[in-house]
$ cat input-v2.txt   # compact mmCIF, C-alpha atoms and all ligand atoms
# COMPACT_ATOMS: atom_id res chain seq x y z
CA MET A 1 0.00 0.00 0.00
CA ALA A 2 1.19 3.49 -0.78
CA VAL A 3 0.94 6.94 0.71
CA LEU A 4 -0.04 9.69 -1.73
CA VAL A 5 1.85 12.94 -1.15
CA THR A 6 0.29 15.98 -2.82
CA GLY A 7 2.81 18.76 -3.37
CA GLY A 8 5.57 16.21 -2.80
CA ALA A 9 8.10 18.21 -4.80
CA GLY A 10 7.77 21.30 -2.59
CA PHE A 11 9.95 22.35 0.33
CA ILE A 12 8.25 20.42 3.13
CA GLY A 13 6.84 17.79 0.76
CA SER A 14 10.24 16.76 -0.63
CA HIS A 15 11.77 16.41 2.85
CA THR A 16 8.78 14.33 3.94
CA VAL A 17 9.10 12.10 0.87
CA VAL A 18 12.76 11.44 1.75
CA GLU A 19 11.83 10.45 5.31
CA LEU A 20 9.00 8.22 4.06
CA ILE A 21 11.25 6.42 1.57
CA GLU A 22 13.93 5.97 4.23
CA ALA A 23 11.27 4.40 6.44
CA ASN A 24 10.54 1.96 3.56
CA ARG A 25 7.14 3.40 2.69
CA GLU A 26 5.88 3.33 -0.86
CA VAL A 27 5.34 6.90 -1.99
CA ILE A 28 3.38 8.41 -4.86
CA ILE A 29 3.69 12.11 -5.58
CA ILE A 30 1.20 14.44 -7.25
CA ASP A 31 2.71 17.81 -8.09
CA ASN A 32 1.88 20.41 -10.72
CA PHE A 33 5.32 22.07 -10.31
CA SER A 34 3.67 25.50 -9.95
CA ASN A 35 6.12 26.31 -7.15
CA SER A 36 8.69 23.51 -7.49
CA LYS A 37 10.93 21.91 -10.10
CA PRO A 38 11.14 18.39 -11.56
CA GLU A 39 14.85 18.39 -10.59
CA VAL A 40 13.67 17.72 -7.02
CA LEU A 41 12.92 14.12 -8.07
CA ASN A 42 16.53 13.58 -9.16
CA ARG A 43 17.71 14.92 -5.82
CA ILE A 44 15.35 12.69 -3.86
CA GLU A 45 16.69 9.73 -5.84
CA LYS A 46 20.28 10.79 -5.13
CA ILE A 47 19.61 10.91 -1.38
CA THR A 48 17.51 7.76 -1.02
CA GLY A 49 18.53 5.60 -4.00
CA LYS A 50 14.83 5.37 -4.93
CA ARG A 51 12.71 7.40 -7.29
CA PRO A 52 9.13 7.86 -6.12
CA LYS A 53 6.36 7.46 -8.68
CA LEU A 54 5.32 10.89 -9.91
CA TYR A 55 2.09 12.18 -11.42
CA ALA A 56 2.89 15.60 -12.85
CA CYS A 57 -0.71 16.70 -12.76
CA ASP A 58 -2.99 19.16 -11.05
CA LEU A 59 -5.48 18.41 -8.31
CA LEU A 60 -7.72 20.93 -10.07
CA ASP A 61 -8.13 18.21 -12.72
CA LEU A 62 -10.59 15.80 -11.08
CA GLU A 63 -10.23 13.10 -13.75
CA ALA A 64 -6.44 13.13 -13.48
CA THR A 65 -6.75 12.95 -9.68
CA ARG A 66 -9.15 10.00 -9.88
CA LYS A 67 -6.73 8.22 -12.22
CA VAL A 68 -3.99 8.34 -9.57
CA PHE A 69 -6.28 6.54 -7.13
CA ALA A 70 -7.48 4.10 -9.80
CA GLU A 71 -3.96 3.09 -10.80
CA ASN A 72 -2.45 2.63 -7.34
CA GLU A 73 -3.14 0.93 -4.02
CA ILE A 74 -3.31 4.06 -1.87
CA ASP A 75 -4.22 3.78 1.80
CA SER A 76 -3.43 7.29 3.05
CA VAL A 77 -2.74 10.83 1.92
CA ILE A 78 -0.48 13.64 3.09
CA HIS A 79 -1.85 16.86 1.61
CA PHE A 80 0.69 19.66 1.12
CA ALA A 81 -0.36 21.04 -2.27
CA GLY A 82 -1.66 24.60 -2.18
CA LEU A 83 -0.82 28.24 -2.66
CA LYS A 84 0.92 29.65 0.40
CA ALA A 85 2.10 33.25 0.06
CA VAL A 86 0.29 35.50 2.52
CA GLY A 87 0.85 38.80 0.66
CA GLU A 88 -0.18 37.29 -2.67
CA SER A 89 -3.33 35.87 -1.07
CA CYS A 90 -4.36 39.40 0.01
CA ALA A 91 -3.80 40.70 -3.53
CA GLN A 92 -5.49 37.73 -5.28
CA PRO A 93 -8.07 36.28 -2.87
CA LEU A 94 -10.20 34.68 -5.60
CA ARG A 95 -7.21 32.74 -6.92
CA TYR A 96 -6.29 31.56 -3.41
CA TYR A 97 -9.81 30.55 -2.38
CA SER A 98 -10.62 28.83 -5.64
CA HIS A 99 -7.28 27.04 -5.96
CA ASN A 100 -6.87 25.81 -2.41
CA PHE A 101 -10.51 24.80 -2.02
CA ASP A 102 -11.01 23.20 -5.44
CA ALA A 103 -7.76 21.22 -5.18
CA THR A 104 -8.79 19.91 -1.76
CA PHE A 105 -12.39 19.16 -2.86
CA ASN A 106 -11.13 17.07 -5.77
CA LEU A 107 -8.63 15.23 -3.61
CA ILE A 108 -11.23 14.42 -0.95
CA ARG A 109 -13.82 13.48 -3.55
CA ALA A 110 -11.40 10.97 -5.06
CA MET A 111 -10.44 9.68 -1.59
CA VAL A 112 -14.09 9.03 -0.72
CA GLU A 113 -14.76 7.37 -4.10
CA TYR A 114 -11.79 5.05 -3.67
CA GLY A 115 -12.38 4.32 0.02
CA VAL A 116 -9.25 6.07 1.31
CA GLY A 117 -10.10 7.44 4.75
CA THR A 118 -6.83 8.67 6.26
CA ILE A 119 -5.34 12.11 5.67
CA VAL A 120 -2.61 14.23 7.24
CA PHE A 121 -3.23 17.89 6.42
CA SER A 122 -0.63 20.61 6.20
CA SER A 123 -2.03 23.49 8.24
CA SER A 124 -0.30 26.45 9.84
CA ALA A 125 0.04 28.37 13.08
CA THR A 126 -1.56 31.16 11.08
CA VAL A 127 -4.95 29.69 12.21
CA TYR A 128 -4.29 31.11 15.71
CA GLY A 129 -4.45 34.67 14.31
CA SER A 130 -2.98 37.06 16.91
CA PRO A 131 -2.79 34.86 20.01
CA LYS A 132 -3.44 36.59 23.34
CA THR A 133 -0.70 34.62 25.07
CA VAL A 134 2.23 32.34 24.21
CA PRO A 135 3.09 29.47 24.12
CA ILE A 136 0.17 28.51 21.92
CA ARG A 137 -1.84 25.38 22.69
CA GLU A 138 -4.03 23.54 20.19
CA ASP A 139 -7.20 24.54 22.05
CA PHE A 140 -6.54 28.28 21.66
CA PRO A 141 -9.22 30.31 19.80
CA LEU A 142 -8.90 30.26 16.02
CA SER A 143 -9.04 33.21 13.63
CA THR A 144 -7.27 34.40 10.53
CA THR A 145 -5.97 37.64 9.14
CA ASN A 146 -5.61 36.85 5.43
CA PRO A 147 -7.15 34.65 2.67
CA TYR A 148 -4.29 32.13 2.80
CA GLY A 149 -4.94 31.55 6.51
CA GLU A 150 -8.67 31.42 5.87
CA THR A 151 -8.20 28.57 3.36
CA LYS A 152 -6.23 26.60 5.98
CA LEU A 153 -8.88 27.14 8.64
CA VAL A 154 -11.84 26.30 6.39
CA ILE A 155 -10.12 23.14 5.12
CA GLU A 156 -9.43 22.10 8.73
CA ARG A 157 -13.15 22.48 9.49
CA MET A 158 -14.24 20.73 6.33
CA LEU A 159 -12.03 17.71 7.08
CA LYS A 160 -13.37 17.52 10.63
CA ASP A 161 -16.99 17.65 9.42
CA MET A 162 -16.29 14.82 6.99
CA CYS A 163 -14.62 12.78 9.69
CA ASP A 164 -17.48 13.40 12.14
CA ALA A 165 -19.91 12.21 9.48
CA GLY A 166 -17.86 9.08 8.73
CA GLU A 167 -16.91 10.19 5.20
CA LEU A 168 -13.28 10.06 6.35
CA LYS A 169 -11.86 7.73 9.00
CA SER A 170 -8.98 9.69 10.41
CA VAL A 171 -7.79 13.27 10.00
CA SER A 172 -4.52 14.56 11.45
CA ILE A 173 -4.07 18.29 11.25
CA LEU A 174 -0.52 19.55 11.67
CA ARG A 175 -0.17 23.24 12.46
CA TYR A 176 3.36 24.21 11.47
CA PHE A 177 5.24 27.05 13.05
CA ASN A 178 8.20 28.36 10.96
CA PRO A 179 9.91 25.61 8.95
CA ILE A 180 13.52 26.38 7.97
CA GLY A 181 16.77 24.50 7.33
CA ALA A 182 17.35 21.85 4.69
CA HIS A 183 18.37 18.22 4.30
CA GLU A 184 21.93 17.74 5.56
CA SER A 185 23.05 16.54 2.10
CA GLY A 186 22.48 20.07 0.75
CA LEU A 187 20.61 18.48 -2.16
CA ILE A 188 17.08 19.59 -1.28
CA GLY A 189 15.94 22.81 0.39
CA GLU A 190 13.75 25.87 0.11
CA ASP A 191 13.66 27.42 -3.36
CA PRO A 192 11.37 30.46 -3.30
CA LYS A 193 10.43 32.12 -6.58
CA GLY A 194 11.77 35.67 -6.88
CA VAL A 195 12.36 37.75 -3.76
CA PRO A 196 11.78 35.60 -0.66
CA ASN A 197 8.92 36.60 1.65
CA ASN A 198 10.13 34.51 4.56
CA LEU A 199 13.01 35.34 6.84
CA LEU A 200 15.43 32.43 6.41
CA PRO A 201 15.67 32.33 2.63
CA TYR A 202 16.15 36.11 2.70
CA ILE A 203 18.97 35.77 5.22
CA SER A 204 20.70 32.92 3.39
CA GLN A 205 20.51 34.78 0.05
CA THR A 206 21.94 37.89 1.73
CA ALA A 207 24.77 35.87 3.27
CA ILE A 208 25.92 34.64 -0.17
CA GLY A 209 25.64 38.15 -1.66
CA LYS A 210 22.49 37.63 -3.78
CA ARG A 211 20.77 40.38 -1.78
CA ASP A 212 22.40 43.53 -0.38
CA LYS A 213 20.93 43.44 3.08
CA LEU A 214 18.16 42.03 5.17
CA HIS A 215 15.23 44.33 5.97
CA VAL A 216 14.22 43.71 9.56
CA PHE A 217 10.51 44.47 9.81
CA GLY A 218 10.21 46.47 13.02
CA ASP A 219 12.28 46.74 16.20
CA ASP A 220 9.58 48.18 18.43
CA TYR A 221 7.66 45.03 19.33
CA PRO A 222 7.28 44.14 23.02
CA THR A 223 9.96 41.39 22.76
CA HIS A 224 13.44 41.07 24.30
CA ASP A 225 15.13 43.04 21.51
CA GLY A 226 12.08 44.63 19.84
CA THR A 227 12.07 42.32 16.78
CA GLY A 228 9.45 39.65 16.06
CA VAL A 229 9.74 36.30 17.82
CA ARG A 230 8.91 32.99 16.08
CA ASP A 231 9.23 29.26 16.63
CA TYR A 232 11.64 28.06 13.92
CA ILE A 233 11.64 24.34 13.27
CA HIS A 234 14.04 22.23 11.18
CA VAL A 235 12.23 20.95 8.09
CA VAL A 236 13.58 17.42 8.72
CA ASP A 237 12.05 17.45 12.22
CA LEU A 238 8.83 18.64 10.61
CA ALA A 239 9.02 15.87 8.00
CA GLN A 240 9.43 13.29 10.76
CA ALA A 241 6.35 14.68 12.51
CA HIS A 242 4.39 13.70 9.39
CA LEU A 243 5.51 10.09 9.70
CA ALA A 244 4.50 9.99 13.35
CA ALA A 245 1.14 11.62 12.53
CA LEU A 246 0.53 9.22 9.65
CA ASP A 247 1.22 6.15 11.79
CA ARG A 248 -1.15 7.38 14.46
CA ALA A 249 -3.83 8.35 11.94
CA MET A 250 -3.70 4.83 10.48
CA ALA A 251 -4.28 3.41 13.97
CA VAL A 252 -7.03 5.68 15.32
CA THR A 253 -10.26 7.28 14.13
CA GLY A 254 -11.34 10.90 14.45
CA THR A 255 -9.79 14.32 13.99
CA GLU A 256 -6.67 15.39 15.87
CA TYR A 257 -4.75 18.66 15.85
CA TYR A 258 -1.05 19.04 16.59
CA ASN A 259 1.27 22.00 16.89
CA VAL A 260 4.55 21.25 15.18
CA GLY A 261 7.17 23.53 16.66
CA THR A 262 10.07 23.42 19.08
CA GLY A 263 8.45 25.47 21.83
CA VAL A 264 11.33 27.96 21.74
CA GLY A 265 10.99 31.50 20.37
CA TYR A 266 13.80 33.37 18.62
CA SER A 267 13.75 37.00 17.49
CA VAL A 268 14.78 38.15 14.02
CA LEU A 269 18.08 39.45 15.43
CA ASP A 270 18.66 36.18 17.34
CA ILE A 271 18.34 34.41 13.99
CA VAL A 272 20.72 36.82 12.25
CA LYS A 273 23.32 36.17 14.96
CA ALA A 274 22.79 32.40 14.91
CA PHE A 275 23.10 32.34 11.12
CA GLU A 276 26.30 34.39 11.16
CA LYS A 277 27.79 32.07 13.78
CA ALA A 278 26.76 28.86 12.03
CA SER A 279 27.81 29.97 8.54
CA GLY A 280 30.79 32.22 9.27
CA LYS A 281 29.21 34.74 6.84
CA LYS A 282 28.04 38.29 7.50
CA VAL A 283 24.37 39.21 7.22
CA PRO A 284 24.10 43.00 6.84
CA TYR A 285 20.72 44.38 7.88
CA VAL A 286 18.68 47.57 8.26
CA ILE A 287 15.68 48.20 10.46
CA ASP A 288 12.52 48.96 8.47
CA PRO A 289 8.95 49.64 9.63
CA ARG A 290 6.77 46.75 10.78
CA ARG A 291 5.28 44.54 8.04
CA PRO A 292 1.47 44.90 8.05
CA GLY A 293 -0.22 41.85 9.55
CA ASP A 294 2.81 40.64 11.53
CA ILE A 295 2.44 39.77 15.20
CA ALA A 296 4.98 40.25 17.98
CA GLU A 297 5.38 36.71 19.23
CA CYS A 298 4.35 33.26 18.10
CA TYR A 299 5.63 30.01 19.52
CA ALA A 300 4.18 26.61 20.21
CA ASP A 301 3.41 24.51 23.19
CA PRO A 302 4.46 21.22 21.54
CA THR A 303 3.44 19.00 24.49
CA LEU A 304 0.53 17.27 22.76
CA ALA A 305 2.66 16.05 19.84
CA ARG A 306 5.21 14.69 22.29
CA GLU A 307 2.61 12.87 24.35
CA LYS A 308 0.38 11.52 21.58
CA LEU A 309 2.72 11.19 18.60
CA GLY A 310 5.91 10.45 20.52
CA TRP A 311 7.49 13.19 18.41
CA SER A 312 9.59 16.16 19.42
CA ALA A 313 12.04 18.38 17.55
CA LYS A 314 15.69 17.27 17.67
CA PHE A 315 17.62 19.95 15.78
CA ASP A 316 18.69 23.23 17.37
CA ILE A 317 18.86 26.67 15.78
CA GLU A 318 22.55 26.38 14.93
CA ARG A 319 21.93 23.18 12.99
CA MET A 320 18.93 24.76 11.21
CA CYS A 321 21.11 27.68 10.10
CA LYS A 322 24.05 25.46 9.10
CA ASP A 323 21.84 23.28 6.92
CA ALA A 324 20.09 26.30 5.37
CA ASP A 325 23.49 27.83 4.55
CA ARG A 326 24.81 24.58 3.04
CA TRP A 327 21.76 24.30 0.76
CA GLN A 328 22.00 27.95 -0.33
CA THR A 329 25.76 27.78 -0.92
CA MET A 330 25.53 24.55 -2.95
CA ASN A 331 22.50 25.82 -4.90
CA PRO A 332 22.84 29.62 -5.17
CA ASP A 333 20.09 29.74 -7.80
CA GLY A 334 17.97 26.97 -6.31
CA TYR A 335 17.06 24.01 -8.51
CA THR A 336 18.18 24.72 -12.03
CA ASP A 337 16.60 22.29 -14.49
C1 LIG A 401 4.60 33.70 7.45
C2 LIG A 401 3.14 33.92 7.30
C3 LIG A 401 2.41 32.73 7.86
C4 LIG A 401 2.83 31.49 7.10
C5 LIG A 401 4.33 31.34 7.17
C6 LIG A 401 4.75 30.25 6.22
C7 LIG A 401 2.86 36.34 7.34
C8 LIG A 401 2.30 37.51 8.09
N1 LIG A 401 2.75 35.15 7.95
O1 LIG A 401 4.88 33.59 8.86
O2 LIG A 401 1.02 32.91 7.74
O3 LIG A 401 2.19 30.36 7.62
O4 LIG A 401 4.99 32.54 6.77
O5 LIG A 401 6.12 30.07 6.23
O6 LIG A 401 3.38 36.48 6.26
N2 LIG A 401 11.05 39.17 8.72
C9 LIG A 401 11.91 40.22 8.53
N3 LIG A 401 12.43 40.44 7.29
C10 LIG A 401 12.11 39.65 6.22
C11 LIG A 401 11.22 38.56 6.42
C12 LIG A 401 10.70 38.36 7.68
O7 LIG A 401 12.23 40.95 9.47
O8 LIG A 401 12.60 39.89 5.10
C13 LIG A 401 10.53 38.89 10.09
C14 LIG A 401 9.02 38.96 10.21
O9 LIG A 401 8.59 40.27 10.50
C15 LIG A 401 8.77 37.96 11.36
C16 LIG A 401 9.87 36.91 11.16
O10 LIG A 401 10.89 37.56 10.40
O11 LIG A 401 8.96 38.58 12.60
C17 LIG A 401 9.41 35.67 10.43
O12 LIG A 401 8.79 36.05 9.20
P1 LIG A 401 8.40 35.00 8.10
O13 LIG A 401 9.53 34.10 7.80
O14 LIG A 401 7.80 35.75 6.93
O15 LIG A 401 7.29 34.09 8.79
P2 LIG A 401 5.92 34.52 9.54
O16 LIG A 401 5.56 35.92 9.28
O17 LIG A 401 6.05 34.10 10.95

$ encode --input "input-v2.txt" --output "structure tokens"
Amino acid sequence: MAVLVTGGAGFIGSHTVVELIEANREVIIIDNFSNSKPEVLNRIEKITGKRPKLYACDLLDLEATRKVFAENEIDSVIHFAGLKAVGESCAQPLRYYSHNFDATFNLIRAMVEYGVGTIVFSSSATVYGSPKTVPIREDFPLSTTNPYGETKLVIERMLKDMCDAGELKSVSILRYFNPIGAHESGLIGEDPKGVPNNLLPYISQTAIGKRDKLHVFGDDYPTHDGTGVRDYIHVVDLAQAHLAALDRAMAVTGTEYYNVGTGVGYSVLDIVKAFEKASGKKVPYVIDPRRPGDIAECYADPTLAREKLGWSAKFDIERMCKDADRWQTMNPDGYTD
């Protein structure tokens, strides 16, 4: 039996595929390469010695999606595929709502038709909106501040409704904090299109001279140094959380929610210092005004994942920065096909 990984060529998807293959799972990938490159498959093969079966198709194509289920013995799904840039989602809400919802509807429709009842869904800490306190627990109130976050929250609710009604057997919702780092081989990593929105790719591109300087968005937050605090998690730790969640989802019924973070918050300037130390490279920066929509502090209480999934993060911030730097240095222009 195989696990279907949607968006398996993306940043988190590709790292999860590597961990799945190394755990001897059969993996099938669906990816439309809208934000990833086919070269990722060669890299996965280089790392693991195995090439996962790929369907280069779009979940928006229901017939193509059905065909993947018809042609394979699939018993579970990890659903990463979706548009994920917050700023873009505010500028193009229709595109975000229609894409993320339609892709998920088609996937779930095909799952129900083919009797596949287990899904691990890629959600985000963005569903906690602006939390009143930190660390954040899974039972905190939910709200969103942008269309991207809204798609995550609505899909969470839709999956739960289907599970409550018995249309799905088991739903595991993973709420990621800030995934960074890369596989230690330096062969796979984060490859944002154009100017990075997220902090780590911006820092690593600045460190190798692709960008002049980092723009730190605000130094007047109520944090230890005034810059925003986040819970950065190594993407390999995050990938391993998916394996733990998948195993549990196969064994239980119902909907479960897990924070996937380290439980430790670092500020933007903490990260700049950690990156400089780990890489031996300078990261010049300037302080700019706050970025609209940003919050001061966001970090997880990861207790539930430890207790129920037997999972906790292993890699520290220095290792995250080292691996991110290795990937960026070995692949200054990302995946070039
Ligand atoms: C962002 C999204 C979040 C999404 C996540 C996915 C926003 C408001 N939130 O989280 O919904 O789930 O990415 O990875 O976009 N920073 C700088 N300079 C930069 C970039 C970032 O100072 O060039 C700061 C930010 O102000 C923040 C921290 O670095 O304090 C982390 O930012 P980022 O990597 O964009 O992640 P989030 O905003 O936490």

$ closest_residue --input "input-v2.txt" --among "A:Ser123, A:Asn178, A:Thr255, A:Gln92" --to "Cys163 (chain A)" --atoms "all atoms listed in the file"
A:Thr255

$ closest_residue --input "input-v2.txt" --among "A:Ile173, A:Leu269, A:Ala56, A:Met158" --to "ligand LIG 401 (chain A)" --atoms "all atoms listed in the file"
A:Leu269

$ closest_residue --input "input-v2.txt" --among "A:Leu174, A:Ala23, A:Ala324, A:Met1" --to "Leu187 (chain A)" --atoms "all atoms listed in the file"
A:Ala324

$ closest_residue --input "input-v2.txt" --among "A:Gly334, A:Pro131, A:Pro284, A:Gly254" --to "Asp212 (chain A)" --atoms "all atoms listed in the file"
A:Pro284

$ residues_near_ligand --input "input-v2.txt" --ligand "ligand LIG 401 (chain A)" --cutoff "9 Å" --atoms "only C-alpha atoms and all ligand atoms" --output "PDB file with C-alpha atoms, in the coordinates of the input"
ATOM      1  CA  LYS A  84       0.920  29.650   0.400  1.00  0.00           C
ATOM      2  CA  ALA A  85       2.100  33.250   0.060  1.00  0.00           C
ATOM      3  CA  VAL A  86       0.290  35.500   2.520  1.00  0.00           C
ATOM      4  CA  GLY A  87       0.850  38.800   0.660  1.00  0.00           C
ATOM      5  CA  SER A 123      -2.030  23.490   8.240  1.00  0.00           C
ATOM      6  CA  SER A 124      -0.300  26.450   9.840  1.00  0.00           C
ATOM      7  CA  ALA A 125       0.040  28.370  13.080  1.00  0.00           C
ATOM      8  CA  THR A 126      -1.560  31.160  11.080  1.00  0.00           C
ATOM      9  CA  VAL A 127      -4.950  29.690  12.210  1.00  0.00           C
ATOM     10  CA  GLY A 129      -4.450  34.670  14.310  1.00  0.00           C
ATOM     11  CA  THR A 144      -7.270  34.400  10.530  1.00  0.00           C
ATOM     12  CA  THR A 145      -5.970  37.640   9.140  1.00  0.00           C
ATOM     13  CA  ASN A 146      -5.610  36.850   5.430  1.00  0.00           C
ATOM     14  CA  TYR A 148      -4.290  32.130   2.800  1.00  0.00           C
ATOM     15  CA  GLY A 149      -4.940  31.550   6.510  1.00  0.00           C
ATOM     16  CA  ARG A 175      -0.170  23.240  12.460  1.00  0.00           C
ATOM     17  CA  TYR A 176       3.360  24.210  11.470  1.00  0.00           C
ATOM     18  CA  PHE A 177       5.240  27.050  13.050  1.00  0.00           C
ATOM     19  CA  ASN A 178       8.200  28.360  10.960  1.00  0.00           C
ATOM     20  CA  PRO A 179       9.910  25.610   8.950  1.00  0.00           C
ATOM     21  CA  ILE A 180      13.520  26.380   7.970  1.00  0.00           C
ATOM     22  CA  PRO A 196      11.780  35.600  -0.660  1.00  0.00           C
ATOM     23  CA  ASN A 197       8.920  36.600   1.650  1.00  0.00           C
ATOM     24  CA  ASN A 198      10.130  34.510   4.560  1.00  0.00           C
ATOM     25  CA  LEU A 199      13.010  35.340   6.840  1.00  0.00           C
ATOM     26  CA  LEU A 200      15.430  32.430   6.410  1.00  0.00           C
ATOM     27  CA  PRO A 201      15.670  32.330   2.630  1.00  0.00           C
ATOM     28  CA  TYR A 202      16.150  36.110   2.700  1.00  0.00           C
ATOM     29  CA  ILE A 203      18.970  35.770   5.220  1.00  0.00           C
ATOM     30  CA  LEU A 214      18.160  42.030   5.170  1.00  0.00           C
ATOM     31  CA  HIS A 215      15.230  44.330   5.970  1.00  0.00           C
ATOM     32  CA  VAL A 216      14.220  43.710   9.560  1.00  0.00           C
ATOM     33  CA  PHE A 217      10.510  44.470   9.810  1.00  0.00           C
ATOM     34  CA  GLY A 218      10.210  46.470  13.020  1.00  0.00           C
ATOM     35  CA  ASP A 219      12.280  46.740  16.200  1.00  0.00           C
ATOM     36  CA  THR A 227      12.070  42.320  16.780  1.00  0.00           C
ATOM     37  CA  GLY A 228       9.450  39.650  16.060  1.00  0.00           C
ATOM     38  CA  VAL A 229       9.740  36.300  17.820  1.00  0.00           C
ATOM     39  CA  ARG A 230       8.910  32.990  16.080  1.00  0.00           C
ATOM     40  CA  ASP A 231       9.230  29.260  16.630  1.00  0.00           C
ATOM     41  CA  TYR A 232      11.640  28.060  13.920  1.00  0.00           C
ATOM     42  CA  SER A 267      13.750  37.000  17.490  1.00  0.00           C
ATOM     43  CA  VAL A 268      14.780  38.150  14.020  1.00  0.00           C
ATOM     44  CA  LEU A 269      18.080  39.450  15.430  1.00  0.00           C
ATOM     45  CA  ILE A 271      18.340  34.410  13.990  1.00  0.00           C
ATOM     46  CA  ILE A 287      15.680  48.200  10.460  1.00  0.00           C
ATOM     47  CA  ASP A 288      12.520  48.960   8.470  1.00  0.00           C
ATOM     48  CA  ARG A 290       6.770  46.750  10.780  1.00  0.00           C
ATOM     49  CA  ARG A 291       5.280  44.540   8.040  1.00  0.00           C
ATOM     50  CA  PRO A 292       1.470  44.900   8.050  1.00  0.00           C
ATOM     51  CA  GLY A 293      -0.220  41.850   9.550  1.00  0.00           C
ATOM     52  CA  ASP A 294       2.810  40.640  11.530  1.00  0.00           C
ATOM     53  CA  ILE A 295       2.440  39.770  15.200  1.00  0.00           C
ATOM     54  CA  ALA A 296       4.980  40.250  17.980  1.00  0.00           C
ATOM     55  CA  GLU A 297       5.380  36.710  19.230  1.00  0.00           C
ATOM     56  CA  CYS A 298       4.350  33.260  18.100  1.00  0.00           C
TER      57      CYS A 298
END

$ decode --input "input-v2.txt" --residues "region 100-105 of chain A" --atoms "all heavy atoms" --output "mmCIF file, in the first residue's frame"
data_model
loop_
_atom_site.group_PDB
_atom_site.id
_atom_site.type_symbol
_atom_site.label_atom_id
_atom_site.label_comp_id
_atom_site.auth_asym_id
_atom_site.auth_seq_id
_atom_site.Cartn_x
_atom_site.Cartn_y
_atom_site.Cartn_z
ATOM 1 N N ASN A 100 -7.065 26.678 -3.571
ATOM 2 C CA ASN A 100 -6.872 25.812 -2.407
ATOM 3 C C ASN A 100 -8.115 24.982 -2.084
ATOM 4 O O ASN A 100 -8.002 23.810 -1.705
ATOM 5 C CB ASN A 100 -6.426 26.630 -1.186
ATOM 6 C CG ASN A 100 -4.975 27.101 -1.328
ATOM 7 O OD1 ASN A 100 -4.314 26.796 -2.321
ATOM 8 N ND2 ASN A 100 -4.479 27.839 -0.354
ATOM 9 N N PHE A 101 -9.295 25.578 -2.279
ATOM 10 C CA PHE A 101 -10.515 24.803 -2.015
ATOM 11 C C PHE A 101 -10.746 23.752 -3.098
ATOM 12 O O PHE A 101 -10.975 22.586 -2.803
ATOM 13 C CB PHE A 101 -11.738 25.716 -1.912
ATOM 14 C CG PHE A 101 -11.740 26.582 -0.661
ATOM 15 C CD1 PHE A 101 -12.383 27.807 -0.656
ATOM 16 C CD2 PHE A 101 -11.112 26.153 0.507
ATOM 17 C CE1 PHE A 101 -12.386 28.601 0.489
ATOM 18 C CE2 PHE A 101 -11.118 26.945 1.656
ATOM 19 C CZ PHE A 101 -11.758 28.170 1.638
ATOM 20 N N ASP A 102 -10.692 24.156 -4.361
ATOM 21 C CA ASP A 102 -11.008 23.200 -5.440
ATOM 22 C C ASP A 102 -10.042 22.020 -5.429
ATOM 23 O O ASP A 102 -10.435 20.874 -5.612
ATOM 24 C CB ASP A 102 -10.974 23.892 -6.812
ATOM 25 C CG ASP A 102 -12.184 24.793 -7.013
ATOM 26 O OD1 ASP A 102 -13.136 24.696 -6.207
ATOM 27 O OD2 ASP A 102 -12.171 25.596 -7.961
ATOM 28 N N ALA A 103 -8.747 22.309 -5.203
ATOM 29 C CA ALA A 103 -7.758 21.219 -5.178
ATOM 30 C C ALA A 103 -8.108 20.242 -4.055
ATOM 31 O O ALA A 103 -8.078 19.018 -4.238
ATOM 32 C CB ALA A 103 -6.363 21.797 -4.969
ATOM 33 N N THR A 104 -8.472 20.782 -2.898
ATOM 34 C CA THR A 104 -8.790 19.907 -1.760
ATOM 35 C C THR A 104 -10.105 19.165 -2.001
ATOM 36 O O THR A 104 -10.205 17.969 -1.714
ATOM 37 C CB THR A 104 -8.823 20.730 -0.459
ATOM 38 O OG1 THR A 104 -7.574 21.426 -0.346
ATOM 39 C CG2 THR A 104 -8.994 19.832 0.758
ATOM 40 N N PHE A 105 -11.121 19.853 -2.560
ATOM 41 C CA PHE A 105 -12.392 19.163 -2.859
ATOM 42 C C PHE A 105 -12.133 17.958 -3.764
ATOM 43 O O PHE A 105 -12.650 16.875 -3.536
ATOM 44 C CB PHE A 105 -13.380 20.083 -3.597
ATOM 45 C CG PHE A 105 -13.920 21.224 -2.772
ATOM 46 C CD1 PHE A 105 -14.290 22.418 -3.377
ATOM 47 C CD2 PHE A 105 -14.077 21.107 -1.399
ATOM 48 C CE1 PHE A 105 -14.787 23.476 -2.630
ATOM 49 C CE2 PHE A 105 -14.576 22.161 -0.646
ATOM 50 C CZ PHE A 105 -14.929 23.352 -1.270
#
